[in-house]
>>> print(open('protein_0.cif').read())   # mmCIF, C-alpha atoms
data_coords
#
loop_
_atom_site.group_PDB
_atom_site.id
_atom_site.type_symbol
_atom_site.label_atom_id
_atom_site.label_comp_id
_atom_site.auth_asym_id
_atom_site.auth_seq_id
_atom_site.Cartn_x
_atom_site.Cartn_y
_atom_site.Cartn_z
ATOM 1 C CA MET A 800 -30.935 56.389 -55.002
ATOM 2 C CA GLY A 801 -29.762 53.801 -52.470
ATOM 3 C CA LEU A 802 -32.816 54.230 -50.270
ATOM 4 C CA GLU A 803 -33.197 50.537 -49.467
ATOM 5 C CA ASP A 804 -32.424 51.027 -45.768
ATOM 6 C CA ALA A 805 -34.620 54.118 -45.419
ATOM 7 C CA LEU A 806 -37.610 52.947 -47.452
ATOM 8 C CA THR A 807 -38.209 49.202 -47.267
ATOM 9 C CA LEU A 808 -39.773 47.525 -50.282
ATOM 10 C CA SER A 809 -42.619 45.027 -50.227
ATOM 11 C CA LEU A 810 -43.656 43.409 -53.492
ATOM 12 C CA ALA A 811 -47.307 42.695 -54.171
ATOM 13 C CA GLY A 812 -48.173 39.683 -56.290
ATOM 14 C CA PRO A 813 -48.826 40.182 -60.014
ATOM 15 C CA THR A 814 -52.559 39.460 -59.847
ATOM 16 C CA HIS A 815 -55.373 40.557 -57.587
ATOM 17 C CA ASP A 816 -59.134 40.432 -57.167
ATOM 18 C CA ALA A 817 -61.745 43.069 -56.338
ATOM 19 C CA ARG A 818 -60.278 43.366 -52.841
ATOM 20 C CA SER A 819 -57.016 44.758 -54.162
ATOM 21 C CA TRP A 820 -53.358 43.893 -54.334
ATOM 22 C CA ASN A 821 -52.158 41.141 -52.024
ATOM 23 C CA TYR A 822 -48.949 39.297 -51.180
ATOM 24 C CA SER A 823 -50.062 35.769 -52.031
ATOM 25 C CA GLY A 824 -47.147 33.685 -53.216
ATOM 26 C CA MET A 825 -44.640 36.479 -52.631
ATOM 27 C CA TYR A 826 -43.711 35.707 -49.021
ATOM 28 C CA PRO A 827 -43.882 32.509 -46.910
ATOM 29 C CA ASP A 828 -46.998 33.522 -44.962
ATOM 30 C CA ASN A 829 -48.560 35.543 -47.804
ATOM 31 C CA ARG A 830 -48.195 38.731 -45.746
ATOM 32 C CA ASP A 831 -46.270 41.934 -46.220
ATOM 33 C CA PRO A 832 -43.041 41.163 -44.299
ATOM 34 C CA VAL A 833 -42.857 44.667 -42.787
ATOM 35 C CA LEU A 834 -46.485 45.544 -42.063
ATOM 36 C CA GLY A 835 -47.837 42.038 -41.528
ATOM 37 C CA ILE A 836 -50.910 42.723 -43.694
ATOM 38 C CA GLU A 837 -52.384 40.373 -46.296
ATOM 39 C CA ARG A 838 -53.724 43.086 -48.628
ATOM 40 C CA LEU A 839 -52.582 46.574 -49.472
ATOM 41 C CA GLN A 840 -56.120 47.838 -48.861
ATOM 42 C CA ASP A 841 -55.499 47.330 -45.134
ATOM 43 C CA ALA A 842 -52.961 50.169 -45.236
ATOM 44 C CA TYR A 843 -55.407 52.397 -47.124
ATOM 45 C CA PHE A 844 -58.156 51.627 -44.603
ATOM 46 C CA ALA A 845 -55.752 52.478 -41.765
ATOM 47 C CA ARG A 846 -55.592 55.980 -43.222
ATOM 48 C CA VAL A 847 -59.197 56.316 -44.463
ATOM 49 C CA PRO A 848 -61.637 53.663 -43.172
ATOM 50 C CA ASP A 849 -63.560 52.093 -46.076
ATOM 51 C CA TYR A 850 -61.451 54.103 -48.547
ATOM 52 C CA PRO A 851 -63.780 54.355 -51.567
ATOM 53 C CA LYS A 852 -61.322 54.828 -54.422
ATOM 54 C CA GLY A 853 -58.947 52.468 -56.200
ATOM 55 C CA ILE A 854 -56.223 50.682 -54.245
ATOM 56 C CA THR A 855 -53.183 51.496 -56.339
ATOM 57 C CA VAL A 856 -49.476 50.735 -56.368
ATOM 58 C CA PRO A 857 -46.993 52.067 -55.626
ATOM 59 C CA ALA A 858 -47.879 53.452 -52.220
ATOM 60 C CA ILE A 859 -45.712 54.697 -49.385
ATOM 61 C CA VAL A 860 -46.862 53.536 -45.956
ATOM 62 C CA ASP A 861 -45.912 54.877 -42.527
ATOM 63 C CA VAL A 862 -44.711 51.790 -40.644
ATOM 64 C CA PRO A 863 -45.637 52.800 -37.047
ATOM 65 C CA SER A 864 -49.262 53.593 -37.959
ATOM 66 C CA GLY A 865 -49.553 51.166 -40.876
ATOM 67 C CA ALA A 866 -51.328 53.919 -42.850
ATOM 68 C CA VAL A 867 -50.751 54.997 -46.443
ATOM 69 C CA VAL A 868 -48.990 58.344 -46.710
ATOM 70 C CA THR A 869 -49.269 58.792 -50.468
ATOM 71 C CA ASN A 870 -50.011 56.944 -53.687
ATOM 72 C CA ASP A 871 -48.966 59.854 -55.929
ATOM 73 C CA PHE A 872 -46.506 57.889 -58.081
ATOM 74 C CA ASN A 873 -45.167 60.944 -59.871
ATOM 75 C CA GLN A 874 -44.485 63.022 -56.753
ATOM 76 C CA MET A 875 -42.945 59.995 -55.030
ATOM 77 C CA THR A 876 -40.128 59.837 -57.541
ATOM 78 C CA ILE A 877 -39.492 63.569 -57.318
ATOM 79 C CA ASP A 878 -39.417 63.370 -53.522
ATOM 80 C CA MET A 879 -36.994 60.438 -53.604
ATOM 81 C CA CYS A 880 -34.616 62.643 -55.596
ATOM 82 C CA THR A 881 -35.086 65.768 -53.483
ATOM 83 C CA GLN A 882 -36.728 65.323 -50.059
ATOM 84 C CA TRP A 883 -34.914 62.057 -49.315
ATOM 85 C CA SER A 884 -31.470 63.361 -50.271
ATOM 86 C CA GLY A 885 -30.172 63.077 -46.710
ATOM 87 C CA VAL A 886 -30.466 59.288 -46.710
ATOM 88 C CA GLN A 887 -29.410 58.551 -50.288
ATOM 89 C CA ARG A 888 -26.283 56.476 -50.826
ATOM 90 C CA ASP A 889 -22.945 58.139 -51.482
ATOM 91 C CA GLY A 890 -22.607 58.696 -55.213
ATOM 92 C CA ALA A 891 -26.336 58.619 -55.938
ATOM 93 C CA ALA A 892 -27.009 60.222 -59.309
ATOM 94 C CA ASP A 893 -29.054 63.416 -59.480
ATOM 95 C CA LEU A 894 -32.041 62.317 -61.563
ATOM 96 C CA TYR A 895 -33.870 65.613 -61.070
ATOM 97 C CA PRO A 896 -31.250 68.391 -61.259
ATOM 98 C CA GLU A 897 -32.686 71.837 -60.635
ATOM 99 C CA SER A 898 -31.200 73.175 -63.869
ATOM 100 C CA LEU A 899 -33.129 70.580 -65.906
ATOM 101 C CA VAL A 900 -36.437 70.441 -64.019
ATOM 102 C CA ASP A 901 -38.346 72.623 -66.492
ATOM 103 C CA GLU A 902 -37.165 70.551 -69.463
ATOM 104 C CA ILE A 903 -37.828 67.253 -67.678
ATOM 105 C CA GLU A 904 -41.387 68.334 -66.921
ATOM 106 C CA ALA A 905 -41.907 69.654 -70.447
ATOM 107 C CA VAL A 906 -40.941 66.222 -71.794
ATOM 108 C CA ASN A 907 -43.261 64.596 -69.256
ATOM 109 C CA ASP A 908 -46.121 66.804 -70.475
ATOM 110 C CA GLU A 909 -45.776 64.993 -73.814
ATOM 111 C CA VAL A 910 -44.847 61.514 -72.589
ATOM 112 C CA TYR A 911 -47.280 60.991 -69.724
ATOM 113 C CA PRO A 912 -50.665 61.771 -71.351
ATOM 114 C CA ASN A 913 -49.812 60.327 -74.742
ATOM 115 C CA ILE A 914 -47.483 57.382 -74.029
ATOM 116 C CA ASN A 915 -47.590 56.346 -70.347
ATOM 117 C CA ASN A 916 -51.331 56.929 -70.139
ATOM 118 C CA GLY A 917 -51.840 56.767 -73.886
ATOM 119 C CA VAL A 918 -51.513 52.984 -73.992
ATOM 120 C CA TYR A 919 -54.236 52.744 -71.328
ATOM 121 C CA ARG A 920 -56.436 55.104 -73.306
ATOM 122 C CA CYS A 921 -56.061 52.686 -76.220
ATOM 123 C CA GLY A 922 -56.620 49.561 -74.158
ATOM 124 C CA PHE A 923 -59.643 50.744 -72.227
ATOM 125 C CA ALA A 924 -61.297 52.855 -74.909
ATOM 126 C CA ALA A 925 -65.062 52.414 -74.755
ATOM 127 C CA ASP A 926 -65.679 53.075 -78.432
ATOM 128 C CA GLN A 927 -63.886 53.112 -81.777
ATOM 129 C CA SER A 928 -63.518 56.885 -81.956
ATOM 130 C CA SER A 929 -61.918 57.151 -78.520
ATOM 131 C CA TYR A 930 -59.547 54.313 -79.369
ATOM 132 C CA GLU A 931 -58.456 55.889 -82.649
ATOM 133 C CA ASP A 932 -57.913 59.274 -81.012
ATOM 134 C CA ALA A 933 -55.717 57.671 -78.364
ATOM 135 C CA TYR A 934 -53.891 55.595 -80.969
ATOM 136 C CA ARG A 935 -53.034 58.701 -83.004
ATOM 137 C CA ASP A 936 -51.859 60.579 -79.904
ATOM 138 C CA LEU A 937 -49.723 57.625 -78.836
ATOM 139 C CA TRP A 938 -47.925 57.228 -82.119
ATOM 140 C CA ARG A 939 -47.458 60.935 -82.698
ATOM 141 C CA ALA A 940 -45.743 61.078 -79.296
ATOM 142 C CA MET A 941 -43.714 57.924 -79.990
ATOM 143 C CA ASP A 942 -42.462 59.467 -83.223
ATOM 144 C CA TRP A 943 -41.630 62.657 -81.300
ATOM 145 C CA VAL A 944 -39.619 60.649 -78.766
ATOM 146 C CA SER A 945 -37.857 58.742 -81.547
ATOM 147 C CA ASP A 946 -36.874 61.972 -83.294
ATOM 148 C CA ARG A 947 -35.636 63.477 -80.022
ATOM 149 C CA LEU A 948 -33.486 60.421 -79.262
ATOM 150 C CA THR A 949 -31.934 60.185 -82.716
ATOM 151 C CA SER A 950 -29.065 62.517 -81.836
ATOM 152 C CA ARG A 951 -29.040 62.343 -78.036
ATOM 153 C CA ARG A 952 -28.537 59.384 -75.745
ATOM 154 C CA TYR A 953 -31.049 60.472 -73.098
ATOM 155 C CA LEU A 954 -34.250 62.495 -73.177
ATOM 156 C CA VAL A 955 -32.885 65.459 -71.214
ATOM 157 C CA GLY A 956 -29.261 66.432 -70.663
ATOM 158 C CA ASP A 957 -26.306 64.066 -70.944
ATOM 159 C CA HIS A 958 -27.275 61.552 -68.251
ATOM 160 C CA ILE A 959 -30.302 59.604 -67.051
ATOM 161 C CA THR A 960 -33.042 61.702 -65.469
ATOM 162 C CA LEU A 961 -36.586 61.072 -64.285
ATOM 163 C CA ALA A 962 -37.676 61.687 -67.869
ATOM 164 C CA ASP A 963 -35.973 58.426 -68.866
ATOM 165 C CA VAL A 964 -37.246 56.514 -65.831
ATOM 166 C CA ARG A 965 -40.819 57.541 -66.636
ATOM 167 C CA LEU A 966 -40.586 56.500 -70.289
ATOM 168 C CA PHE A 967 -38.762 53.237 -69.554
ATOM 169 C CA THR A 968 -41.650 51.811 -67.544
ATOM 170 C CA THR A 969 -43.908 51.920 -70.603
ATOM 171 C CA LEU A 970 -41.353 50.957 -73.235
ATOM 172 C CA VAL A 971 -40.234 47.833 -71.365
ATOM 173 C CA ARG A 972 -43.852 46.590 -71.218
ATOM 174 C CA PHE A 973 -44.742 47.590 -74.740
ATOM 175 C CA ASP A 974 -43.914 44.539 -76.863
ATOM 176 C CA ALA A 975 -45.094 42.030 -74.239
ATOM 177 C CA VAL A 976 -48.363 43.755 -73.331
ATOM 178 C CA TYR A 977 -49.376 47.040 -74.895
ATOM 179 C CA PHE A 978 -48.808 46.090 -78.541
ATOM 180 C CA GLY A 979 -51.369 43.278 -78.508
ATOM 181 C CA HIS A 980 -53.333 43.426 -75.266
ATOM 182 C CA PHE A 981 -54.017 47.176 -75.561
ATOM 183 C CA LYS A 982 -54.143 47.237 -79.380
ATOM 184 C CA ALA A 983 -51.306 49.790 -79.610
ATOM 185 C CA ASN A 984 -50.166 47.828 -82.621
ATOM 186 C CA ARG A 985 -48.602 50.043 -85.234
ATOM 187 C CA MET A 986 -45.139 48.655 -84.472
ATOM 188 C CA MET A 987 -43.281 46.825 -81.736
ATOM 189 C CA ILE A 988 -40.385 48.619 -80.079
ATOM 190 C CA ARG A 989 -38.041 45.952 -81.428
ATOM 191 C CA ASP A 990 -38.926 47.109 -84.957
ATOM 192 C CA MET A 991 -38.204 50.807 -84.312
ATOM 193 C CA PRO A 992 -34.418 51.327 -84.544
ATOM 194 C CA VAL A 993 -34.052 54.350 -82.255
ATOM 195 C CA PRO A 994 -36.501 53.408 -79.467
ATOM 196 C CA ARG A 995 -35.161 49.846 -79.623
ATOM 197 C CA ALA A 996 -31.558 50.912 -79.051
ATOM 198 C CA TYR A 997 -32.603 53.410 -76.368
ATOM 199 C CA LEU A 998 -34.582 50.728 -74.515
ATOM 200 C CA GLN A 999 -31.677 48.275 -74.827
ATOM 201 C CA ASP A 1000 -29.330 50.909 -73.403
ATOM 202 C CA LEU A 1001 -31.538 51.554 -70.368
ATOM 203 C CA PHE A 1002 -32.420 47.880 -69.836
ATOM 204 C CA GLN A 1003 -28.726 47.022 -69.619
ATOM 205 C CA THR A 1004 -28.034 49.858 -67.161
ATOM 206 C CA PRO A 1005 -27.920 48.860 -63.464
ATOM 207 C CA GLY A 1006 -31.205 49.670 -61.757
ATOM 208 C CA PHE A 1007 -33.360 49.106 -64.847
ATOM 209 C CA GLY A 1008 -33.468 45.643 -66.415
ATOM 210 C CA ASP A 1009 -32.329 44.009 -63.192
ATOM 211 C CA THR A 1010 -35.547 45.169 -61.499
ATOM 212 C CA VAL A 1011 -37.972 44.046 -64.247
ATOM 213 C CA ASP A 1012 -40.005 40.839 -64.028
ATOM 214 C CA ILE A 1013 -41.418 40.278 -67.522
ATOM 215 C CA GLN A 1014 -43.413 37.183 -66.552
ATOM 216 C CA GLN A 1015 -45.166 38.970 -63.707
ATOM 217 C CA ILE A 1016 -45.900 41.916 -65.996
ATOM 218 C CA LYS A 1017 -47.657 39.599 -68.453
ATOM 219 C CA GLU A 1018 -49.513 37.738 -65.720
ATOM 220 C CA HIS A 1019 -50.871 40.970 -64.275
ATOM 221 C CA TYR A 1020 -52.279 42.413 -67.485
ATOM 222 C CA TYR A 1021 -53.552 39.239 -69.119
ATOM 223 C CA ILE A 1022 -55.101 37.731 -65.969
ATOM 224 C CA VAL A 1023 -56.474 40.799 -64.176
ATOM 225 C CA HIS A 1024 -57.987 42.521 -67.229
ATOM 226 C CA GLU A 1025 -60.737 39.978 -67.831
ATOM 227 C CA GLU A 1026 -62.836 42.524 -69.729
ATOM 228 C CA ILE A 1027 -60.071 42.636 -72.360
ATOM 229 C CA ASN A 1028 -58.830 39.040 -72.099
ATOM 230 C CA PRO A 1029 -61.738 36.924 -70.770
ATOM 231 C CA THR A 1030 -59.859 33.644 -71.224
ATOM 232 C CA ARG A 1031 -57.075 34.908 -68.928
ATOM 233 C CA VAL A 1032 -54.572 33.012 -71.081
ATOM 234 C CA VAL A 1033 -51.084 34.486 -70.685
ATOM 235 C CA PRO A 1034 -49.036 34.518 -73.902
ATOM 236 C CA VAL A 1035 -45.708 32.720 -73.977
ATOM 237 C CA GLY A 1036 -44.023 35.302 -76.222
ATOM 238 C CA PRO A 1037 -42.825 37.584 -77.534
ATOM 239 C CA ASP A 1038 -39.091 36.985 -77.674
ATOM 240 C CA LEU A 1039 -37.467 39.889 -75.822
ATOM 241 C CA SER A 1040 -33.892 38.647 -76.005
ATOM 242 C CA TYR A 1041 -33.064 41.661 -78.176
ATOM 243 C CA LEU A 1042 -32.997 43.718 -74.962
ATOM 244 C CA LEU A 1043 -29.667 42.091 -74.143
ATOM 245 C CA GLU A 1044 -28.061 42.759 -77.524
ATOM 246 C CA GLU A 1045 -25.505 45.472 -78.310
ATOM 247 C CA HIS A 1046 -26.951 48.907 -79.050
ATOM 248 C CA ASP A 1047 -24.015 51.315 -79.646
ATOM 249 C CA ARG A 1048 -25.824 54.209 -77.946
ATOM 250 C CA GLU A 1049 -22.550 55.084 -76.147
ATOM 251 C CA GLN A 1050 -21.440 56.752 -79.359
ATOM 252 C CA LEU A 1051 -23.897 59.570 -78.656
ATOM 253 C CA GLY A 1052 -21.890 60.538 -75.545
ATOM 254 C CA GLY A 1053 -22.975 61.165 -72.016
ATOM 255 C CA GLN A 1054 -22.662 59.054 -68.891
ATOM 256 C CA PRO A 1055 -25.626 57.107 -67.468
ATOM 257 C CA PHE A 1056 -25.226 58.483 -63.936
ATOM 258 C CA GLY A 1057 -23.500 61.782 -64.698
ATOM 259 C CA GLN A 1058 -21.114 62.633 -61.876
ATOM 260 C CA GLY A 1059 -22.627 59.867 -59.749
ATOM 261 C CA THR A 1060 -22.029 56.141 -59.675
ATOM 262 C CA ALA A 1061 -24.058 53.085 -60.595
ATOM 263 C CA PRO A 1062 -26.144 51.392 -57.903
ATOM 264 C CA GLY A 1063 -24.986 48.066 -56.538
ATOM 265 C CA PRO A 1064 -26.645 44.728 -57.268
ATOM 266 C CA VAL A 1065 -30.340 44.364 -56.520
ATOM 267 C CA ARG A 1066 -30.902 42.751 -53.149
ATOM 268 C CA GLU A 1067 -31.478 39.021 -53.303
ATOM 269 C CA ASP A 1068 -35.011 39.211 -51.892
ATOM 270 C CA GLU A 1069 -35.970 41.885 -54.431
ATOM 271 C CA ARG A 1070 -34.313 40.384 -57.524
ATOM 272 C CA PRO A 1071 -36.608 39.208 -60.342
ATOM 273 C CA PRO A 1072 -35.728 36.333 -62.680
ATOM 274 C CA ALA A 1073 -33.209 37.246 -65.348
ATOM 275 C CA LEU A 1074 -34.682 37.874 -68.791
ATOM 276 C CA THR A 1075 -32.976 34.706 -70.040
ATOM 277 C CA GLU A 1076 -34.960 32.708 -67.457
ATOM 278 C CA CYS A 1077 -38.373 33.961 -68.586
#
>>> encode(input="protein_0.cif", output="structure tokens")
Amino acid sequence: MGLEDALTLSLAGPTHDARSWNYSGMYPDNRDPVLGIERLQDAYFARVPDYPKGITVPAIVDVPSGAVVTNDFNQMTIDMCTQWSGVQRDGAADLYPESLVDEIEAVNDEVYPNINNGVYRCGFAADQSSYEDAYRDLWRAMDWVSDRLTSRRYLVGDHITLADVRLFTTLVRFDAVYFGHFKANRMMIRDMPVPRAYLQDLFQTPGFGDTVDIQQIKEHYYIVHEEINPTRVVPVGPDLSYLLEEHDREQLGGQPFGQGTAPGPVREDERPPALTEC
């Protein structure tokens, strides 16, 4: 969207304790460089003192007051496409075109509860029955996605939309985390021809793979979730180099950004290590 000058980005560290996300190791003084706070909870408390619920990311914070405005991750992305249009870069792609909104949300009604949240339902299931129910829902939805993507490059329309952004966030973590850590282990994405090629296509598109830090992803899940991984040992693998291989999805047509243009390089202070460095 090119909102870097309108909406500054602060990156929390990959791990946290009971007192929430913090900036330890991310910046020289271990503080958010814009707000000057050590922990994200400080911004929540500025809005609601002693805020009793979970301190979650992402969150949008009003800089003058230092108070959280919203942590509704789904509505944030919609607003960035619509309400923030006046400060988007020239050539920003329309990821939420009005003509496709109903279809995008219909896809999300399948993807969010069964895939995005489905892996968490598997990983944090309190009993065998709940786990197996979630597992079946997850893989039914994954098969549905695979079938849908067999003859079309993107989930909705002929260019990238929010439907693809929402699915990408789970697929890119799947082999490294959800397959083993959350016991979503029917197959890895690398072993599913259509989802594999689709993920490769998105990962190699500007704005996707160049914003992903695989090592931090693994550190977060394997260290923070002590109830699932009490040793807090972070696995070295798996090998994700396949994400950089050719995929031939261009043959299905469409343009990644439609009538828009690709974003420029990720800013130096926001750039994660390249996949080949992990």
>>> resolve_selection(input="protein_0.cif", expression="the PyMOL selection byres ((chain A and resi 919-924) around 10)", output="count of residues only")
31
>>> closest_residue(input="protein_0.cif", among="A:Phe872, A:Phe973, A:Tyr997, A:Tyr895", to="Phe1056 of chain A", atoms="all atoms listed in the file")
A:Tyr895
>>> closest_atom_pairs(input="protein_0.cif", of="segment 841-952 of chain A", to="segment 991-994 of chain A", cutoff="7 Å", atoms="all atoms listed in the file", output="CSV")
residue,atom,partner,partner_atom,distance
A:Ser945,CA,A:Val993,CA,5.9
A:Leu948,CA,A:Val993,CA,6.8
A:Thr949,CA,A:Val993,CA,6.2
>>> resolve_selection(input="protein_0.cif", expression="the PyMOL selection byres ((chain A and resi 1058) around 10)", output="list in words")
Gly890, Ala891, Ala892, Asp893, His958, Gln1054, Pro1055, Phe1056, Gly1057, Gly1059 and Thr1060 of chain A
>>> closest_atom_pairs(input="protein_0.cif", of="segment 872-944 of chain A", to="segment 841-857 of chain A", cutoff="12 Å", atoms="all atoms listed in the file", output="JSON lines")
{"residue": "A:Phe872", "atom": "CA", "partner": "A:Pro857", "partner_atom": "CA", "distance": 6.3}
{"residue": "A:Asn873", "atom": "CA", "partner": "A:Pro857", "partner_atom": "CA", "distance": 10.0}
{"residue": "A:Gln874", "atom": "CA", "partner": "A:Pro857", "partner_atom": "CA", "distance": 11.3}
{"residue": "A:Met875", "atom": "CA", "partner": "A:Pro857", "partner_atom": "CA", "distance": 8.9}
{"residue": "A:Thr876", "atom": "CA", "partner": "A:Pro857", "partner_atom": "CA", "distance": 10.5}
>>> atom_distance(input="protein_0.cif", atom1="atom CA of Arg818 of chain A", atom2="atom CA of Ser864 of chain A")
21.2 Å
>>> residues_around(input="protein_0.cif", residues="segment 1070-1076 of chain A", least_positions_apart="2", cutoff="10 Å", atoms="all atoms listed in the file", output="PDB file with C-alpha atoms, keeping the file's coordinate frame")
ATOM      1  CA  GLY A1008     -33.468  45.643 -66.415  1.00  0.00           C
ATOM      2  CA  ASP A1009     -32.329  44.009 -63.192  1.00  0.00           C
ATOM      3  CA  THR A1010     -35.547  45.169 -61.499  1.00  0.00           C
ATOM      4  CA  VAL A1011     -37.972  44.046 -64.247  1.00  0.00           C
ATOM      5  CA  ASP A1012     -40.005  40.839 -64.028  1.00  0.00           C
ATOM      6  CA  ILE A1013     -41.418  40.278 -67.522  1.00  0.00           C
ATOM      7  CA  GLN A1014     -43.413  37.183 -66.552  1.00  0.00           C
ATOM      8  CA  GLN A1015     -45.166  38.970 -63.707  1.00  0.00           C
ATOM      9  CA  ASP A1038     -39.091  36.985 -77.674  1.00  0.00           C
ATOM     10  CA  LEU A1039     -37.467  39.889 -75.822  1.00  0.00           C
ATOM     11  CA  SER A1040     -33.892  38.647 -76.005  1.00  0.00           C
ATOM     12  CA  LEU A1042     -32.997  43.718 -74.962  1.00  0.00           C
ATOM     13  CA  LEU A1043     -29.667  42.091 -74.143  1.00  0.00           C
ATOM     14  CA  PRO A1064     -26.645  44.728 -57.268  1.00  0.00           C
ATOM     15  CA  VAL A1065     -30.340  44.364 -56.520  1.00  0.00           C
ATOM     16  CA  ARG A1066     -30.902  42.751 -53.149  1.00  0.00           C
ATOM     17  CA  GLU A1067     -31.478  39.021 -53.303  1.00  0.00           C
ATOM     18  CA  ASP A1068     -35.011  39.211 -51.892  1.00  0.00           C
TER      19      ASP A1068
END
>>> residues_around(input="protein_0.cif", residues="Val900 of chain A", least_positions_apart="2", cutoff="12 Å", atoms="only C-alpha atoms", output="PyMOL selection string")
chain A and resi 877+880-881+893-898+902-907+955-956+960-962
>>> write_last_selection(input="protein_0.cif", atoms="C-alpha atoms", output="mmCIF file, keeping the file's coordinate frame")
data_model
loop_
_atom_site.group_PDB
_atom_site.id
_atom_site.type_symbol
_atom_site.label_atom_id
_atom_site.label_comp_id
_atom_site.auth_asym_id
_atom_site.auth_seq_id
_atom_site.Cartn_x
_atom_site.Cartn_y
_atom_site.Cartn_z
ATOM 1 C CA ILE A 877 -39.492 63.569 -57.318
ATOM 2 C CA CYS A 880 -34.616 62.643 -55.596
ATOM 3 C CA THR A 881 -35.086 65.768 -53.483
ATOM 4 C CA ASP A 893 -29.054 63.416 -59.480
ATOM 5 C CA LEU A 894 -32.041 62.317 -61.563
ATOM 6 C CA TYR A 895 -33.870 65.613 -61.070
ATOM 7 C CA PRO A 896 -31.250 68.391 -61.259
ATOM 8 C CA GLU A 897 -32.686 71.837 -60.635
ATOM 9 C CA SER A 898 -31.200 73.175 -63.869
ATOM 10 C CA GLU A 902 -37.165 70.551 -69.463
ATOM 11 C CA ILE A 903 -37.828 67.253 -67.678
ATOM 12 C CA GLU A 904 -41.387 68.334 -66.921
ATOM 13 C CA ALA A 905 -41.907 69.654 -70.447
ATOM 14 C CA VAL A 906 -40.941 66.222 -71.794
ATOM 15 C CA ASN A 907 -43.261 64.596 -69.256
ATOM 16 C CA VAL A 955 -32.885 65.459 -71.214
ATOM 17 C CA GLY A 956 -29.261 66.432 -70.663
ATOM 18 C CA THR A 960 -33.042 61.702 -65.469
ATOM 19 C CA LEU A 961 -36.586 61.072 -64.285
ATOM 20 C CA ALA A 962 -37.676 61.687 -67.869
#
>>> decode(input="protein_0.cif", residues="segment 853-864 of chain A", atoms="N, CA, C and O atoms", output="short mmCIF file (atom, residue, chain, number, x, y, z; two decimals), in the first residue's frame")
data_model
loop_
_atom_site.label_atom_id
_atom_site.label_comp_id
_atom_site.auth_asym_id
_atom_site.auth_seq_id
_atom_site.Cartn_x
_atom_site.Cartn_y
_atom_site.Cartn_z
N GLY A 853 -5.84 -10.10 26.52
CA GLY A 853 -4.54 -10.39 25.94
C GLY A 853 -3.95 -9.20 25.21
O GLY A 853 -4.66 -8.43 24.55
N ILE A 854 -2.64 -9.04 25.33
CA ILE A 854 -1.91 -8.01 24.59
C ILE A 854 -1.50 -8.63 23.27
O ILE A 854 -0.61 -9.49 23.22
N THR A 855 -2.14 -8.23 22.19
CA THR A 855 -1.93 -8.90 20.92
C THR A 855 -1.29 -7.98 19.89
O THR A 855 -1.38 -6.76 19.97
N VAL A 856 -0.63 -8.60 18.93
CA VAL A 856 -0.13 -7.91 17.75
C VAL A 856 -0.85 -8.48 16.53
O VAL A 856 -1.27 -9.63 16.54
N PRO A 857 -1.02 -7.64 15.51
CA PRO A 857 -0.62 -6.23 15.42
C PRO A 857 -1.59 -5.32 16.16
O PRO A 857 -2.71 -5.71 16.46
N ALA A 858 -1.12 -4.12 16.43
CA ALA A 858 -1.97 -3.09 17.03
C ALA A 858 -1.58 -1.75 16.42
O ALA A 858 -0.41 -1.50 16.16
N ILE A 859 -2.58 -0.92 16.19
CA ILE A 859 -2.33 0.44 15.72
C ILE A 859 -2.43 1.36 16.92
O ILE A 859 -3.39 1.30 17.69
N VAL A 860 -1.42 2.21 17.07
CA VAL A 860 -1.33 3.11 18.23
C VAL A 860 -1.32 4.56 17.76
O VAL A 860 -0.63 4.91 16.79
N ASP A 861 -2.09 5.39 18.44
CA ASP A 861 -2.10 6.83 18.20
C ASP A 861 -0.84 7.42 18.83
O ASP A 861 -0.66 7.35 20.06
N VAL A 862 0.03 8.02 18.02
CA VAL A 862 1.33 8.47 18.54
C VAL A 862 1.20 9.59 19.57
O VAL A 862 1.84 9.53 20.63
N PRO A 863 0.40 10.65 19.34
CA PRO A 863 0.34 11.72 20.35
C PRO A 863 -0.08 11.25 21.74
O PRO A 863 0.49 11.67 22.74
N SER A 864 -1.07 10.34 21.81
CA SER A 864 -1.54 9.87 23.11
C SER A 864 -0.81 8.63 23.58
O SER A 864 -0.84 8.29 24.77
#
